[in-house]
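Report on the following structure.
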Amino acid sequence: MDVCVTGVPQTVRTPTSLAFQHLLKAMKPSTLTLVVESDVAIQTNSSQGGFRLLVSAGEIEFVNVNHTQELEDGWTHTGEGNAQRAWNFTWISPQDNTSSVEFIVFGNAVNGNGNSMGDAWNSYGVTIPGSSFEGTLIQPDVDQSYSLTDFSLILGGLIAILVCLYVVVK
């Protein structure tokens, strides 16, 4: 499954700042489309997908405000907006073109069966330099894998549950 942001002049499918570089010119509006592409079959008259968009600077204006909502310092689909896999918006870049802007997108393609079986998700992140940016770009880490600490906490929790069950049963 791909999560991509399309706009003039090209479609972005991999984290690269070069594809977005034309966007970051002071206060320049860019018309973009967030697209969730997947092999998960689309069911008509049902949920098809969703997204979560985080942008570190600039202004976001979605074309259909009934399909999107601002939520917790980002944007996401509404209940009405999950009946599609593409959302159009305008991004107005910040006035400071010496900085960079981070875009992070999480996408979800659903099969409309009401549970997560058969659904797919993915994420995408890119840092875009301003036209006068100087310095090192750090690309966002959107990897959702578990760390050794996560596994240790999960294992510790399972052991604690088993000990509690043993004490209760004994």
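In the structure tokens, the first chain shown is A, the next is B, and so on; residue numbers restart at 1 for each chain, and ligands run from 1 in the order shown.
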
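Residue neighbourhood of stretch 41-45 of chain A, excluding near-sequence residues (fewer than 3 positions): Gln48, Asn111 and Gly112 of chain A, at 7 Å, using only C-alpha atoms.
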
Shell around A:Ser132 at 9 Å using only C-alpha atoms, local window under 6 positions removed, as a PyMOL selection string
chain A and resi 25+96-99

Which of chain A DSSP labels strand (DSSP E or B), written as JSON, numbers by chain:
{"A": [2, 3, 4, 5, 6, 7, 11, 12, 29, 30, 31, 32, 33, 34, 35, 36, 37, 49, 50, 51, 52, 53, 54, 55, 59, 60, 61, 62, 68, 69, 70, 71, 74, 75, 76, 77, 86, 87, 88, 89, 90, 91, 92, 100, 101, 102, 103, 104, 105, 106, 107, 108, 109, 120, 121, 122, 123, 124, 125, 126, 127, 128, 129]}

Output as a ChimeraX atom specification all residues of chain A that backbone DSSP marks as alpha helix (DSSP H).
/A:148-169

A:Trp87 proximity check over A:Ala57, A:Val36, A:Val126, A:Val167, using only C-alpha atoms: winner is A:Val36

With distances taken over only C-alpha atoms, which residue among A:Gln95, A:Thr68, A:Ser47, A:Ser30 lies nearest A:Gly130?
A:Gln95

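Atom CA of A:Asn64 is positioned 24.3 Å from atom CA of A:Val40.
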
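Shortest atom-to-atom contact with A:Ile138 among A:Leu71, A:Lys170, A:Ser123, A:Ser100: A:Ser100, counting only C-alpha atoms.
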
Determine, counting only C-alpha atoms, which protein, DNA and RNA residues have an atom within 8 Å of an atom of stretch 74-83 of chain A; residues of the same chain fewer than 5 positions away are not included. Present the result as a PDB file with N, CA and C atoms, in the first residue's frame.
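The resulting file, part_37.pdb, is reproduced below:
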ATOM      1  N   ASN A  45     -20.481   2.444  -1.251  1.00  0.00           N
ATOM      2  CA  ASN A  45     -21.390   2.736  -0.143  1.00  0.00           C
ATOM      3  C   ASN A  45     -20.869   2.212   1.187  1.00  0.00           C
ATOM      4  N   SER A  46     -19.564   2.253   1.367  1.00  0.00           N
ATOM      5  CA  SER A  46     -18.954   1.749   2.590  1.00  0.00           C
ATOM      6  C   SER A  46     -17.679   2.536   2.878  1.00  0.00           C
ATOM      7  N   SER A  47     -17.100   2.305   4.042  1.00  0.00           N
ATOM      8  CA  SER A  47     -15.811   2.915   4.378  1.00  0.00           C
ATOM      9  C   SER A  47     -14.754   2.406   3.413  1.00  0.00           C
ATOM     10  N   GLN A  48     -13.875   3.326   2.969  1.00  0.00           N
ATOM     11  CA  GLN A  48     -12.816   2.957   2.033  1.00  0.00           C
ATOM     12  C   GLN A  48     -11.430   3.242   2.589  1.00  0.00           C
ATOM     13  N   GLY A  49     -11.311   4.279   3.422  1.00  0.00           N
ATOM     14  CA  GLY A  49      -9.993   4.603   3.940  1.00  0.00           C
ATOM     15  C   GLY A  49     -10.001   5.842   4.792  1.00  0.00           C
ATOM     16  N   GLY A  50      -8.814   6.166   5.280  1.00  0.00           N
ATOM     17  CA  GLY A  50      -8.667   7.336   6.119  1.00  0.00           C
ATOM     18  C   GLY A  50      -7.222   7.785   6.158  1.00  0.00           C
ATOM     19  N   PHE A  51      -6.978   8.884   6.842  1.00  0.00           N
ATOM     20  CA  PHE A  51      -5.629   9.438   6.904  1.00  0.00           C
ATOM     21  C   PHE A  51      -5.449  10.254   8.166  1.00  0.00           C
ATOM     22  N   ARG A  52      -4.201  10.517   8.474  1.00  0.00           N
ATOM     23  CA  ARG A  52      -3.783  11.462   9.505  1.00  0.00           C
ATOM     24  C   ARG A  52      -2.632  12.239   8.903  1.00  0.00           C
ATOM     25  N   LEU A  53      -2.738  13.559   8.851  1.00  0.00           N
ATOM     26  CA  LEU A  53      -1.738  14.432   8.244  1.00  0.00           C
ATOM     27  C   LEU A  53      -1.202  15.393   9.291  1.00  0.00           C
ATOM     28  N   LEU A  54       0.125  15.389   9.447  1.00  0.00           N
ATOM     29  CA  LEU A  54       0.801  16.314  10.358  1.00  0.00           C
ATOM     30  C   LEU A  54       1.755  17.164   9.535  1.00  0.00           C
ATOM     31  N   VAL A  55       1.652  18.473   9.662  1.00  0.00           N
ATOM     32  CA  VAL A  55       2.512  19.404   8.921  1.00  0.00           C
ATOM     33  C   VAL A  55       3.071  20.391   9.941  1.00  0.00           C
ATOM     34  N   ASN A  66     -16.431  18.929   4.952  1.00  0.00           N
ATOM     35  CA  ASN A  66     -17.267  17.892   5.545  1.00  0.00           C
ATOM     36  C   ASN A  66     -16.548  16.544   5.603  1.00  0.00           C
ATOM     37  N   HIS A  67     -15.471  16.410   4.850  1.00  0.00           N
ATOM     38  CA  HIS A  67     -14.744  15.141   4.786  1.00  0.00           C
ATOM     39  C   HIS A  67     -13.475  15.141   5.623  1.00  0.00           C
ATOM     40  N   THR A  68     -13.121  16.290   6.194  1.00  0.00           N
ATOM     41  CA  THR A  68     -11.890  16.408   6.970  1.00  0.00           C
ATOM     42  C   THR A  68     -12.133  17.224   8.225  1.00  0.00           C
ATOM     43  N   GLN A  69     -11.222  17.070   9.184  1.00  0.00           N
ATOM     44  CA  GLN A  69     -11.320  17.858  10.411  1.00  0.00           C
ATOM     45  C   GLN A  69      -9.931  18.070  10.992  1.00  0.00           C
TER      46      GLN A  69
END

Compare A:Ser152, A:Ser38, A:Ser131, A:Asn88 by their minimum atom-to-atom distance to A:Gly107, counting only C-alpha atoms, and give me the closest one.
A:Ser38

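Interatomic distance, atom CA of A:Ala86 against atom CA of A:Ala109: 10.7 Å.
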
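The spacing separating atom CA of A:Val110 from atom CA of A:Glu37 amounts to 10.9 Å.
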
Closest of A:Gly157, A:Leu162, A:Val35, A:Gln139 to A:Asn122 - atom-to-atom distances counting only C-alpha atoms:
A:Val35

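Closest approach to A:Thr90 among A:Pro140, A:Pro29, A:Gly156, A:Gly114 is made by A:Pro29 (distances from only C-alpha atoms).
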